[in-house]
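Q: You'll find work30.txt just under this line, and it carries compact mmCIF, C-alpha atoms.
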# COMPACT_ATOMS: atom_id res chain seq x y z
CA MET A 134 62.78 207.02 131.78
CA ASP A 135 64.19 207.55 135.21
CA PHE A 136 67.17 209.58 136.29
CA SER A 137 69.78 206.82 136.36
CA ALA A 138 68.80 205.52 132.96
CA THR A 139 69.04 208.97 131.46
CA LEU A 140 72.44 209.56 133.02
CA GLY A 141 73.66 206.16 131.91
CA LEU A 142 72.71 207.09 128.37
CA ALA A 143 73.94 210.67 128.41
CA ILE A 144 77.35 210.45 130.07
CA PRO A 145 79.11 208.14 127.59
CA LEU A 146 77.42 209.92 124.70
CA GLY A 147 78.64 213.29 125.93
CA LEU A 148 82.15 211.98 126.40
CA GLY A 149 82.13 210.52 122.92
CA ILE A 150 81.11 213.82 121.38
CA ALA A 151 83.78 215.65 123.36
CA ALA A 152 86.41 213.18 122.22
CA PHE A 153 85.25 213.64 118.63
CA GLY A 154 85.72 217.41 118.76
CA SER A 155 89.09 217.05 120.46
CA GLY A 156 90.20 214.58 117.81
CA ILE A 157 89.45 217.00 115.01
CA GLY A 158 91.06 219.91 116.85
CA ILE A 159 94.27 218.17 117.73
CA GLY A 160 94.46 216.64 114.27
CA THR A 161 94.29 220.08 112.70
CA ALA A 162 96.90 221.48 115.08
CA VAL A 163 99.32 218.62 114.59
CA SER A 164 98.86 218.73 110.84
CA GLY A 165 99.82 222.39 110.82
CA ALA A 166 102.84 221.58 112.96
CA MET A 167 103.91 218.79 110.63
CA GLN A 168 103.74 221.08 107.63
CA ALA A 169 105.80 223.71 109.42
CA MET A 170 108.36 221.12 110.42
CA GLY A 171 108.60 219.97 106.84
CA ARG A 172 109.27 223.47 105.61
CA GLN A 173 111.93 224.27 108.18
CA PRO A 174 113.64 221.25 109.64
CA GLU A 175 116.00 223.34 111.74
CA ALA A 176 113.08 224.67 113.85
CA ILE A 177 111.72 221.23 114.70
CA GLY A 178 112.46 221.58 118.43
CA LYS A 179 110.53 224.81 118.87
CA ILE A 180 107.64 223.68 116.70
CA GLN A 181 107.38 220.45 118.65
CA THR A 182 107.22 222.32 121.96
CA ALA A 183 104.54 224.65 120.64
CA MET A 184 102.59 221.71 119.27
CA ILE A 185 102.60 219.87 122.60
CA ILE A 186 101.46 222.99 124.42
CA GLY A 187 98.67 223.62 121.90
CA ALA A 188 97.54 220.01 122.12
CA ALA A 189 97.31 220.26 125.90
CA PHE A 190 95.06 223.32 125.60
CA ILE A 191 92.74 221.59 123.15
CA GLU A 192 92.66 218.45 125.25
CA ALA A 193 91.66 220.47 128.29
CA LEU A 194 88.19 220.96 126.81
CA THR A 195 87.68 217.21 126.59
CA ILE A 196 88.97 216.89 130.14
CA TYR A 197 86.25 219.30 131.31
CA ALA A 198 83.69 216.88 129.84
CA LEU A 199 85.44 214.01 131.60
CA VAL A 200 85.29 215.85 134.93
CA MET A 201 81.56 216.38 134.48
CA GLY A 202 81.29 212.67 133.72
CA PHE A 203 83.03 211.83 136.99
CA VAL A 204 80.81 214.18 138.96
CA LEU A 205 77.62 212.78 137.46
CA MET A 206 78.76 209.18 137.79
CA GLY A 207 78.46 209.51 141.53
CA LYS A 208 74.85 210.59 141.22
CA ILE A 209 73.73 207.40 139.52
CA ALA A 210 71.75 205.60 142.15
CA MET B 115 114.67 209.75 141.13
CA LEU B 116 112.54 209.56 138.02
CA ALA B 117 115.03 207.29 136.28
CA TRP B 118 115.00 205.00 139.28
CA LEU B 119 111.19 204.85 139.16
CA LEU B 120 111.24 204.03 135.47
CA ALA B 121 113.81 201.30 135.99
CA GLU B 122 111.81 199.79 138.81
CA HIS B 123 108.63 199.60 136.78
CA ALA B 124 110.34 198.36 133.64
CA GLU B 125 112.00 195.66 135.68
CA GLY B 126 108.63 194.72 137.09
CA ALA B 127 107.17 194.31 133.63
CA SER B 128 109.86 191.93 132.47
CA GLU B 129 109.90 189.96 135.68
CA ALA B 130 106.21 189.30 135.74
CA ALA B 131 106.33 187.06 132.72
CA GLN B 132 108.94 184.87 134.39
CA ALA B 133 108.26 184.87 138.10
CA ALA B 134 104.50 184.85 138.40
CA HIS B 135 104.43 183.54 141.93
CA GLU B 136 106.31 186.50 143.29
CA ALA B 137 104.07 188.88 141.42
CA ALA B 138 101.05 186.96 142.59
CA GLN B 139 101.70 187.89 146.19
CA HIS B 140 102.09 191.60 145.48
CA GLY B 141 99.39 191.59 142.84
CA ALA B 142 96.95 189.63 144.97
CA GLU B 143 97.35 191.95 147.90
CA ALA B 144 97.27 195.03 145.74
CA ALA B 145 94.30 193.96 143.65
CA GLU B 146 92.34 192.77 146.64
CA HIS B 147 93.10 195.93 148.50
CA GLY B 148 92.43 197.95 145.38
CA ALA B 149 89.07 196.38 144.72
CA HIS B 150 87.96 196.50 148.31
CA ALA B 151 89.81 199.38 149.81
CA ALA B 152 88.53 201.81 147.23
CA GLU B 153 84.98 200.91 148.14
CA HIS B 154 85.83 200.64 151.79
CA ALA B 155 87.32 204.11 151.72
CA GLY B 156 84.17 205.24 150.00
CA SER B 157 85.69 206.80 146.92
CA LEU B 158 83.46 206.84 143.90
CA VAL B 159 86.20 205.99 141.45
CA PRO B 160 88.52 202.98 141.51
CA GLU B 161 92.05 203.89 142.45
CA LEU B 162 95.18 201.99 143.30
CA PRO B 163 95.72 201.69 147.05
CA ASN B 164 98.09 204.06 148.78
CA ILE B 165 99.97 203.63 152.02
CA PHE B 166 97.57 205.63 154.17
CA GLY B 167 94.59 203.81 152.69
CA VAL B 168 96.18 200.49 153.53
CA VAL B 169 96.91 201.66 157.07
CA HIS B 170 93.32 202.84 157.42
CA HIS B 171 92.03 199.51 156.14
CA VAL B 172 94.19 197.52 158.53
CA LEU B 173 93.28 199.78 161.43
CA GLY B 174 89.63 199.37 160.55
CA GLU B 175 89.96 195.67 161.09
CA TYR B 176 92.13 195.59 164.19
CA SER B 177 91.30 198.78 166.03
CA PRO B 178 88.27 200.64 164.64
CA SER B 179 88.57 203.43 167.17
CA THR B 180 91.81 204.68 165.60
CA ALA B 181 90.25 204.56 162.13
CA ASP B 182 87.29 206.56 163.39
CA PHE B 183 89.66 209.01 165.01
CA LEU B 184 91.42 209.56 161.69
CA ASP B 185 88.09 210.06 159.94
CA ASN B 186 87.09 212.59 162.55
CA VAL B 187 90.36 214.45 162.11
CA ALA B 188 89.69 214.71 158.38
CA ARG B 189 86.17 215.91 158.97
CA ARG B 190 87.19 218.45 161.58
CA LEU B 191 89.75 219.93 159.22
CA ASN B 192 86.89 220.39 156.70
CA LEU B 193 88.77 218.49 154.06
CA SER B 194 86.71 217.68 151.05
CA ASP B 195 87.25 215.43 148.12
CA PRO B 196 84.62 215.44 145.39
CA MET B 197 85.53 211.91 144.40
CA GLY B 198 85.77 210.35 147.82
CA THR B 199 85.59 210.74 151.56
CA PRO B 200 87.34 213.35 153.69
CA PHE B 201 89.87 210.70 154.58
CA THR B 202 91.04 210.40 150.99
CA ALA B 203 91.57 214.14 151.02
CA LEU B 204 93.64 213.69 154.19
CA GLU B 205 95.74 211.11 152.35
CA GLY B 206 96.38 213.61 149.59
CA LEU B 207 97.26 216.29 152.11
CA LEU B 208 99.76 214.03 153.88
CA PHE B 209 101.39 213.16 150.58
CA ALA B 210 101.58 216.85 149.73
CA LEU B 211 103.31 217.51 153.06
CA ILE B 212 105.78 214.73 152.34
CA VAL B 213 106.53 216.28 148.96
CA ILE B 214 107.01 219.72 150.48
CA ILE B 215 109.38 218.45 153.15
CA ALA B 216 111.38 216.34 150.71
CA LEU B 217 111.73 219.11 148.12
CA SER B 218 112.65 221.67 150.77
CA LEU B 219 115.31 219.41 152.24
CA PHE B 220 116.71 218.75 148.81
CA PHE B 221 116.92 222.25 147.39
CA ILE B 222 117.19 224.48 150.43
CA GLY B 223 119.56 222.09 152.15
CA GLY B 224 121.75 222.01 149.06
CA TYR B 225 121.79 225.80 148.91
CA VAL B 226 122.71 226.12 152.57
CA ARG B 227 125.47 223.60 152.20
CA LEU B 228 126.80 225.38 149.15
CA ARG B 229 126.91 228.72 150.91
CA ARG B 230 128.48 227.36 154.02
CA SER B 231 131.38 225.38 152.63
CA PRO B 232 132.17 225.91 148.97
CA LYS B 233 134.55 223.23 147.89
CA GLU B 234 137.14 224.64 145.56
CA GLY B 235 136.31 223.81 141.99
CA ARG B 236 133.91 221.01 142.89
CA LEU B 237 130.20 221.51 143.21
CA SER B 238 128.13 218.69 144.63
CA ARG B 239 125.85 216.77 142.32
CA ARG B 240 122.87 218.30 144.04
CA ALA B 241 124.09 221.81 143.19
CA LEU B 242 124.74 220.86 139.57
CA PHE B 243 121.28 219.36 139.24
CA SER B 244 119.66 222.45 140.72
CA GLU B 245 121.67 224.57 138.31
CA ILE B 246 120.43 222.58 135.32
CA VAL B 247 116.85 222.94 136.51
CA VAL B 248 117.08 226.68 137.07
CA LEU B 249 118.81 227.27 133.75
CA PHE B 250 116.06 225.35 131.99
CA PHE B 251 113.43 227.59 133.61
CA ASP B 252 115.42 230.71 132.80
CA ASP B 253 115.64 229.71 129.12
CA PHE B 254 112.09 228.59 128.73
CA PHE B 255 110.26 231.28 130.66
CA GLY B 256 112.66 233.90 129.40
CA GLN B 257 111.34 233.17 125.92
CA VAL B 258 107.79 233.63 127.07
CA MET B 259 108.17 236.61 129.35
CA GLY B 260 111.35 238.34 128.31
CA LYS B 261 114.59 238.02 130.26
CA LYS B 262 113.95 240.74 132.83
CA GLU B 263 110.42 239.73 133.75
CA GLY B 264 111.39 236.10 133.64
CA ARG B 265 114.08 236.59 136.26
CA LYS B 266 111.68 238.39 138.55
CA HIS B 267 109.01 235.72 138.58
CA LEU B 268 111.30 232.72 138.11
CA SER B 269 111.12 231.47 141.67
CA PHE B 270 107.31 231.35 141.78
CA ILE B 271 106.79 229.72 138.41
CA GLY B 272 109.69 227.32 138.77
CA THR B 273 108.46 226.20 142.16
CA LEU B 274 105.00 225.60 140.71
CA PHE B 275 106.48 223.47 137.96
CA ILE B 276 108.65 221.29 140.20
CA TYR B 277 105.94 220.90 142.82
CA ILE B 278 103.22 219.89 140.36
CA LEU B 279 105.57 217.55 138.53
CA VAL B 280 106.57 215.68 141.69
CA CYS B 281 102.96 215.60 142.95
CA ASN B 282 101.76 214.13 139.66
CA CYS B 283 104.48 211.50 139.70
CA LEU B 284 103.50 210.34 143.17
CA GLY B 285 100.44 208.76 141.61
CA LEU B 286 102.69 206.41 139.67
CA VAL B 287 104.76 205.21 142.60
CA TRP B 288 103.68 202.03 144.35
CA LEU B 289 101.53 202.86 147.37
CA GLY B 290 101.34 206.50 146.43
CA LYS B 291 98.54 208.88 145.54
CA ALA B 292 98.84 212.12 143.64
CA PRO B 293 97.71 215.05 145.79
CA THR B 294 96.76 216.86 142.60
CA ALA B 295 93.99 214.31 142.04
CA ASN B 296 91.95 216.31 144.56
CA LEU B 297 90.07 219.29 143.13
CA SER B 298 90.33 221.35 146.31
CA PHE B 299 94.09 221.07 146.13
CA ASN B 300 94.26 222.36 142.59
CA LEU B 301 91.83 225.15 143.35
CA GLY B 302 94.10 226.23 146.17
CA MET B 303 97.08 226.42 143.85
CA SER B 304 95.17 228.32 141.19
CA LEU B 305 93.85 230.73 143.83
CA LEU B 306 97.45 231.40 144.75
CA VAL B 307 98.30 232.03 141.09
CA PHE B 308 95.27 234.32 140.76
CA LEU B 309 96.30 236.41 143.75
CA TYR B 310 99.90 236.61 142.57
CA VAL B 311 98.96 237.62 139.02
CA HIS B 312 96.57 240.37 140.03
CA PHE B 313 98.74 241.64 142.86
CA THR B 314 101.69 241.91 140.48
CA GLY B 315 99.57 243.76 137.93
CA LEU B 316 98.14 246.11 140.54
CA SER B 317 101.41 246.87 142.22
CA ARG B 318 103.11 247.65 138.94
CA SER B 319 100.64 250.39 138.09
CA PRO B 320 97.02 250.49 139.31
CA LEU B 321 95.79 252.65 136.44
CA GLY B 322 97.32 250.40 133.83
CA TYR B 323 95.74 247.40 135.52
CA LEU B 324 92.31 248.99 135.56
CA LYS B 325 92.67 249.95 131.92
CA HIS B 326 92.73 246.28 131.00
CA TYR B 327 89.09 245.87 131.82
CA PRO B 328 87.41 248.17 129.32
CA GLY B 329 89.97 247.11 126.77
CA GLU B 330 90.90 249.01 123.69
CA LEU B 331 87.97 251.10 122.57
CA PRO B 332 87.72 253.13 119.39
CA ALA B 333 87.83 256.90 119.68
CA VAL B 334 84.44 258.59 119.38
CA LYS B 335 85.27 260.66 116.33
CA ASP B 336 86.41 257.56 114.44
CA LEU B 337 82.98 256.06 114.59
CA GLY B 338 81.46 258.67 112.34
CA MET B 339 78.14 258.65 114.15
CA GLY B 340 78.39 262.14 115.57
CA CYS B 341 76.51 262.57 118.79
CA LEU B 342 75.46 258.96 119.06
CA GLY B 343 79.06 257.88 119.42
CA TYR B 344 79.26 258.58 123.14
CA PRO B 345 76.56 256.20 124.40
CA LEU B 346 77.79 253.52 122.05
CA VAL B 347 81.35 253.70 123.34
CA TRP B 348 80.12 253.70 126.95
CA PHE B 349 78.00 250.66 126.18
CA MET B 350 80.98 248.87 124.66
CA ALA B 351 83.10 249.77 127.67
CA ILE B 352 80.61 248.24 130.08
CA LEU B 353 80.20 245.15 127.94
CA PHE B 354 83.92 244.59 127.64
CA THR B 355 84.39 245.16 131.36
CA ILE B 356 81.93 242.40 132.14
CA ILE B 357 83.61 240.08 129.66
CA HIS B 358 87.05 240.72 131.06
CA VAL B 359 85.89 240.25 134.64
CA LEU B 360 84.46 236.88 133.64
CA GLU B 361 87.67 236.04 131.85
CA ALA B 362 89.72 236.89 134.92
CA ALA B 363 87.52 234.62 137.02
CA ILE B 364 87.51 231.71 134.56
CA GLN B 365 91.28 231.63 134.09
CA PRO B 366 92.21 230.07 137.47
CA LEU B 367 89.21 227.75 137.29
CA SER B 368 90.33 226.38 133.95
CA LEU B 369 93.86 225.92 135.29
CA ALA B 370 92.62 223.86 138.22
CA LEU B 371 90.14 221.78 136.25
CA ARG B 372 92.61 220.93 133.54
CA LEU B 373 95.15 219.61 136.02
CA PHE B 374 92.51 217.83 138.09
CA GLY B 375 90.94 216.09 135.11
CA ASN B 376 94.24 214.92 133.71
CA VAL B 377 95.62 213.55 136.98
CA LEU B 378 92.36 211.96 138.15
CA GLY B 379 91.86 210.38 134.74
CA LYS B 380 95.34 208.93 134.88
CA ASP B 381 94.81 207.58 138.43
CA VAL B 382 91.47 206.03 137.53
CA LEU B 383 92.95 204.45 134.42
CA LEU B 384 95.69 202.90 136.52
CA GLY B 385 93.14 201.80 139.11
CA VAL B 386 90.87 200.14 136.58
CA PHE B 387 93.73 198.27 134.99
CA GLY B 388 95.11 197.41 138.39
CA ALA B 389 91.83 195.84 139.46
CA LEU B 390 92.05 193.64 136.37
CA MET B 391 95.43 192.36 137.47
CA LEU B 392 94.32 189.07 138.94
CA ILE B 393 93.79 186.29 136.41
CA PRO B 394 92.29 183.25 138.07
CA ILE B 395 93.58 179.91 136.81
CA TYR B 396 92.42 176.61 138.11
CA GLY B 397 90.59 176.83 141.36
CA GLY B 398 91.75 179.26 144.00
CA ILE B 399 95.09 180.08 142.45
CA SER B 400 95.40 183.24 140.43
CA ILE B 401 98.37 184.93 138.85
CA ALA B 402 98.84 188.63 138.43
CA PHE B 403 100.06 190.46 135.37
CA PRO B 404 100.79 194.18 135.46
CA TRP B 405 98.64 195.36 132.60
CA HIS B 406 98.92 198.93 133.71
CA THR B 407 102.64 199.23 132.89
CA PRO B 408 102.32 201.09 129.56
CA PHE B 409 99.97 203.54 131.20
CA LEU B 410 102.61 204.35 133.78
CA PHE B 411 104.80 205.78 131.04
CA LEU B 412 101.84 207.64 129.56
CA GLY B 413 101.10 208.99 133.01
CA LEU B 414 104.66 210.19 133.39
CA LEU B 415 104.50 212.04 130.08
CA LEU B 416 101.11 213.58 130.77
CA GLY B 417 102.07 214.58 134.29
CA ALA B 418 105.11 216.42 133.01
CA ILE B 419 103.10 218.11 130.24
CA GLN B 420 100.43 219.25 132.68
CA ALA B 421 103.00 220.68 135.07
CA LEU B 422 104.52 222.58 132.15
CA ILE B 423 101.12 223.84 131.01
CA PHE B 424 100.16 225.06 134.48
CA SER B 425 103.36 227.02 135.00
CA LEU B 426 103.44 228.30 131.42
CA LEU B 427 99.87 229.54 131.64
CA SER B 428 100.53 231.33 134.90
CA ALA B 429 103.52 233.00 133.25
CA ILE B 430 101.31 234.06 130.34
CA TYR B 431 98.66 235.39 132.72
CA ILE B 432 101.30 237.43 134.54
CA MET B 433 102.33 238.91 131.20
CA LEU B 434 98.71 239.60 130.25
CA TRP B 435 97.88 241.49 133.43
CA LEU B 436 100.98 243.66 133.45
CA PRO B 437 100.49 247.14 132.04
CA HIS B 438 101.11 247.30 128.31
CA GLU B 439 101.99 250.38 126.37
CA HIS B 440 99.05 251.44 124.23
CA GLU B 441 99.64 252.48 120.67
CA ALA B 442 98.64 255.98 119.72
CA GLY B 443 95.16 256.50 118.31
CA ALA B 444 93.44 253.65 120.06
CA GLU B 445 92.84 255.26 123.43
CA HIS B 446 89.46 255.77 125.02
What is this structure when it is put down as structure tokens?
A:
Amino acid sequence: MDFSATLGLAIPLGLGIAAFGSGIGIGTAVSGAMQAMGRQPEAIGKIQTAMIIGAAFIEALTIYALVMGFVLMGKIA
Amino acid sequence: MLAWLLAEHAEGASEAAQAAHEAAQHGAEAAEHGAHAAEHAGSLVPELPNIFGVVHHVLGEYSPSTADFLDNVARRLNLSDPMGTPFTALEGLLFALIVIIALSLFFIGGYVRLRRSPKEGRLSRRALFSEIVVLFFDDFFGQVMGKKEGRKHLSFIGTLFIYILVCNCLGLVWLGKAPTANLSFNLGMSLLVFLYVHFTGLSRSPLGYLKHYPGELPAVKDLGMGCLGYPLVWFMAILFTIIHVLEAAIQPLSLALRLFGNVLGKDVLLGVFGALMLIPIYGGISIAFPWHTPFLFLGLLLGAIQALIFSLLSAIYIMLWLPHEHEAGAEH
């Protein structure tokens, strides 16, 4: 199995696993935010802001995997 | 400006269904340039064409010496773009300069005009807009950092936010490229944040800054191990120092990579959908449909969120590296 074949197999697989983890993480975060919003509707604005910020942090980890995908894509012969 | 951009793109989406011939001209040029110019410029990822890329492409056909001269300029300046040639980095740099000049003319010019001739009871629209922006930053970063600290660092963090927001939005404009899609650019900005954060912490109190590194260690007599407590606490101090040094180094790197990944991903998404624009029907004629329109709105949202995250994180890092007051009983 040569280098390009291995990369062609590994890069989408790695991105899929990263997206899987990010999906679970952001789902947990947003579910917590939804529950908090349900308990206190007057704080919806603040909770929404905090939720967006938390989601951006969790998504950053998937973006690191995407950046590695971009870097390795150039090395496929 | 943003509302005008949104209106232009929304208009384009509704027009395309009706006037396909008009869109075919723009779309044909853009898609052809996009499919070829990205490879011609040597970038590894497909992107929509930008004005300097188009100029370079045209120059390459009609006067190759000027195109080579531009490439040499980019190489001499040691510009580097991990996803393309030095010339694509030069494109990003020129767009960044345009953003700097435009923002400076807008805000500084408005300030100078306000100071020079205050109209009685009537502020210009530019002054009102600037006031809304600054009050938003004061509110938002005042919640994170406290009112006093927020006022002190407002100019740096607010400038970061506005600059990154406008740079991200340039990737959505026709014939524009986001300068933040270049990793070197983001690393430069995060280096600046790194220096600012640590210089602020050091200048506030050097001893308090240095106390961050070992962290909060338990007192020796609390451990209950008698004589063995001393080497253990020293060992923990060294371990925590290494961890905190690594943390201080990783923080700006994560800032830069997060912004780079988001903006490059958005540009590549737009480029891939833009290359699909041409739909050939019957022979040589093809119509163009702007499939990438919904992703323009997504790109606007994500660009704004990433600008907010960058500036918010630098505010949080400033707060982290300022000297805290230690509670009693947890001193080393």
Q: Show me, as number ranges by chain, the residues that have an atom within 6 Å of segment 209-211 of chain B when counting all atoms listed in the file, minus same-chain residues fewer than 3 positions from it.
A: B: 206, 214, 293
Q: Identify every residue of chain A that has at least one atom within 6 Å of any atom of chain B, counting all atoms listed in the file, and report the result as a PyMOL selection string.
A: chain A and resi 193+196+200
Q: Can I get the selection written as a tab-separated table (two decimals), in the frame of the given file, with C-alpha atoms?
A:
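Heads up, here's the output in again_4.tsv:
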chain	number	residue	atom	x	y	z
A	193	ALA	CA	91.66	220.47	128.29
A	196	ILE	CA	88.97	216.89	130.14
A	200	VAL	CA	85.29	215.85	134.93
Q: Smallest atom-to-atom distance to Ile157 of chain A: which of A:Phe136, A:Gly178, A:Glu192, A:Ile185, using only C-alpha atoms?
A: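 Nearest to Ile157 of chain A: A:Glu192.
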Q: Do you have the atom CA of Gly202 of chain A-atom CA of Asn186 of chain B distance handy?
A: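 Distance between the two atoms: 29.4 Å.
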Q: For a test of reading the model, state the distance in Å between atom CA of Leu316 of chain B and atom CA of Ala362 of chain B, rounded to one decimal.
A: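 Computed distance, atom CA of Leu316 of chain B to atom CA of Ala362 of chain B, equals 13.7 Å.
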Q: Suppose you want the space between atom CA of Phe166 of chain B and atom CA of Leu289 of chain B; what is it in Å?
A: 8.3 Å
Q: Counting only C-alpha atoms, figure out which residue out of A:Thr195, A:Asp135, A:Gln173, A:Val204 gets nearest to Leu148 of chain A.
A: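 Residue with the minimum atom-to-atom distance to Leu148 of chain A: A:Thr195.
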Q: Could you name the residues that touch Phe308 of chain B at 12 Å or less, counting only C-alpha atoms, but leaving out those on the same chain fewer than 6 positions away, as an MDAnalysis selection string?
A: chainID B and resid 301:302 314:315 361:370 427:429 431:432 435
Q: So, counting all atoms listed in the file, which residue among B:Phe254, B:Trp288, B:Phe424, B:Phe354 is closest to Phe190 of chain A?
A: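 Checking each of B:Phe254, B:Trp288, B:Phe424, B:Phe354 against Phe190 of chain A, counting all atoms listed in the file, the winner is B:Phe424.
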Q: I need every residue sitting at most 9 Å from the point (90.0, 209.4, 149.0) (coordinates as in the file, only C-alpha atoms considered), written as a PyMOL selection string.
A: chain B and resi 152+155-158+161+167+195-206+296
Q: Write to file, as a PDB file, in the frame of the given file, the residues of the selection just made, with C-alpha atoms.
A:
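Output (result-v9.pdb):
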ATOM      1  CA  ALA B 152      88.530 201.810 147.230  1.00  0.00           C
ATOM      2  CA  ALA B 155      87.320 204.110 151.720  1.00  0.00           C
ATOM      3  CA  GLY B 156      84.170 205.240 150.000  1.00  0.00           C
ATOM      4  CA  SER B 157      85.690 206.800 146.920  1.00  0.00           C
ATOM      5  CA  LEU B 158      83.460 206.840 143.900  1.00  0.00           C
ATOM      6  CA  GLU B 161      92.050 203.890 142.450  1.00  0.00           C
ATOM      7  CA  GLY B 167      94.590 203.810 152.690  1.00  0.00           C
ATOM      8  CA  ASP B 195      87.250 215.430 148.120  1.00  0.00           C
ATOM      9  CA  PRO B 196      84.620 215.440 145.390  1.00  0.00           C
ATOM     10  CA  MET B 197      85.530 211.910 144.400  1.00  0.00           C
ATOM     11  CA  GLY B 198      85.770 210.350 147.820  1.00  0.00           C
ATOM     12  CA  THR B 199      85.590 210.740 151.560  1.00  0.00           C
ATOM     13  CA  PRO B 200      87.340 213.350 153.690  1.00  0.00           C
ATOM     14  CA  PHE B 201      89.870 210.700 154.580  1.00  0.00           C
ATOM     15  CA  THR B 202      91.040 210.400 150.990  1.00  0.00           C
ATOM     16  CA  ALA B 203      91.570 214.140 151.020  1.00  0.00           C
ATOM     17  CA  LEU B 204      93.640 213.690 154.190  1.00  0.00           C
ATOM     18  CA  GLU B 205      95.740 211.110 152.350  1.00  0.00           C
ATOM     19  CA  GLY B 206      96.380 213.610 149.590  1.00  0.00           C
ATOM     20  CA  ASN B 296      91.950 216.310 144.560  1.00  0.00           C
TER      21      ASN B 296
END
Q: Compute the distance from (106.5, 227.4, 140.5) to each atom, counting only C-alpha atoms, keep the residues with any atom at most 12 Å away, and return them as an mmCIF file with C-alpha atoms, in the coordinates of the input; use the coordinates of the file.
A:
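File produced: selection_10.cif:
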data_model
loop_
_atom_site.group_PDB
_atom_site.id
_atom_site.type_symbol
_atom_site.label_atom_id
_atom_site.label_comp_id
_atom_site.auth_asym_id
_atom_site.auth_seq_id
_atom_site.Cartn_x
_atom_site.Cartn_y
_atom_site.Cartn_z
ATOM 1 C CA VAL B 247 116.850 222.940 136.510
ATOM 2 C CA VAL B 248 117.080 226.680 137.070
ATOM 3 C CA PHE B 251 113.430 227.590 133.610
ATOM 4 C CA PHE B 255 110.260 231.280 130.660
ATOM 5 C CA HIS B 267 109.010 235.720 138.580
ATOM 6 C CA LEU B 268 111.300 232.720 138.110
ATOM 7 C CA SER B 269 111.120 231.470 141.670
ATOM 8 C CA PHE B 270 107.310 231.350 141.780
ATOM 9 C CA ILE B 271 106.790 229.720 138.410
ATOM 10 C CA GLY B 272 109.690 227.320 138.770
ATOM 11 C CA THR B 273 108.460 226.200 142.160
ATOM 12 C CA LEU B 274 105.000 225.600 140.710
ATOM 13 C CA PHE B 275 106.480 223.470 137.960
ATOM 14 C CA ILE B 276 108.650 221.290 140.200
ATOM 15 C CA TYR B 277 105.940 220.900 142.820
ATOM 16 C CA ILE B 278 103.220 219.890 140.360
ATOM 17 C CA LEU B 279 105.570 217.550 138.530
ATOM 18 C CA VAL B 280 106.570 215.680 141.690
ATOM 19 C CA MET B 303 97.080 226.420 143.850
ATOM 20 C CA SER B 304 95.170 228.320 141.190
ATOM 21 C CA LEU B 306 97.450 231.400 144.750
ATOM 22 C CA VAL B 307 98.300 232.030 141.090
ATOM 23 C CA TYR B 310 99.900 236.610 142.570
ATOM 24 C CA ALA B 421 103.000 220.680 135.070
ATOM 25 C CA LEU B 422 104.520 222.580 132.150
ATOM 26 C CA ILE B 423 101.120 223.840 131.010
ATOM 27 C CA PHE B 424 100.160 225.060 134.480
ATOM 28 C CA SER B 425 103.360 227.020 135.000
ATOM 29 C CA LEU B 426 103.440 228.300 131.420
ATOM 30 C CA LEU B 427 99.870 229.540 131.640
ATOM 31 C CA SER B 428 100.530 231.330 134.900
ATOM 32 C CA ALA B 429 103.520 233.000 133.250
#
Q: Using only C-alpha atoms, find the one residue out of B:Leu383, B:Ala241, B:Leu412, B:Cys281 that sits nearest to Leu208 of chain B.
A: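 Selected residue with least distance to Leu208 of chain B: B:Cys281.
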Q: Under the rule that all atoms listed in the file are counted, which of B:Gly417, B:Gly223, B:Pro160, B:Pro437 is the nearest residue to Tyr327 of chain B?
A: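 Of B:Gly417, B:Gly223, B:Pro160, B:Pro437, the one nearest Tyr327 of chain B, counting all atoms listed in the file, is B:Pro437.
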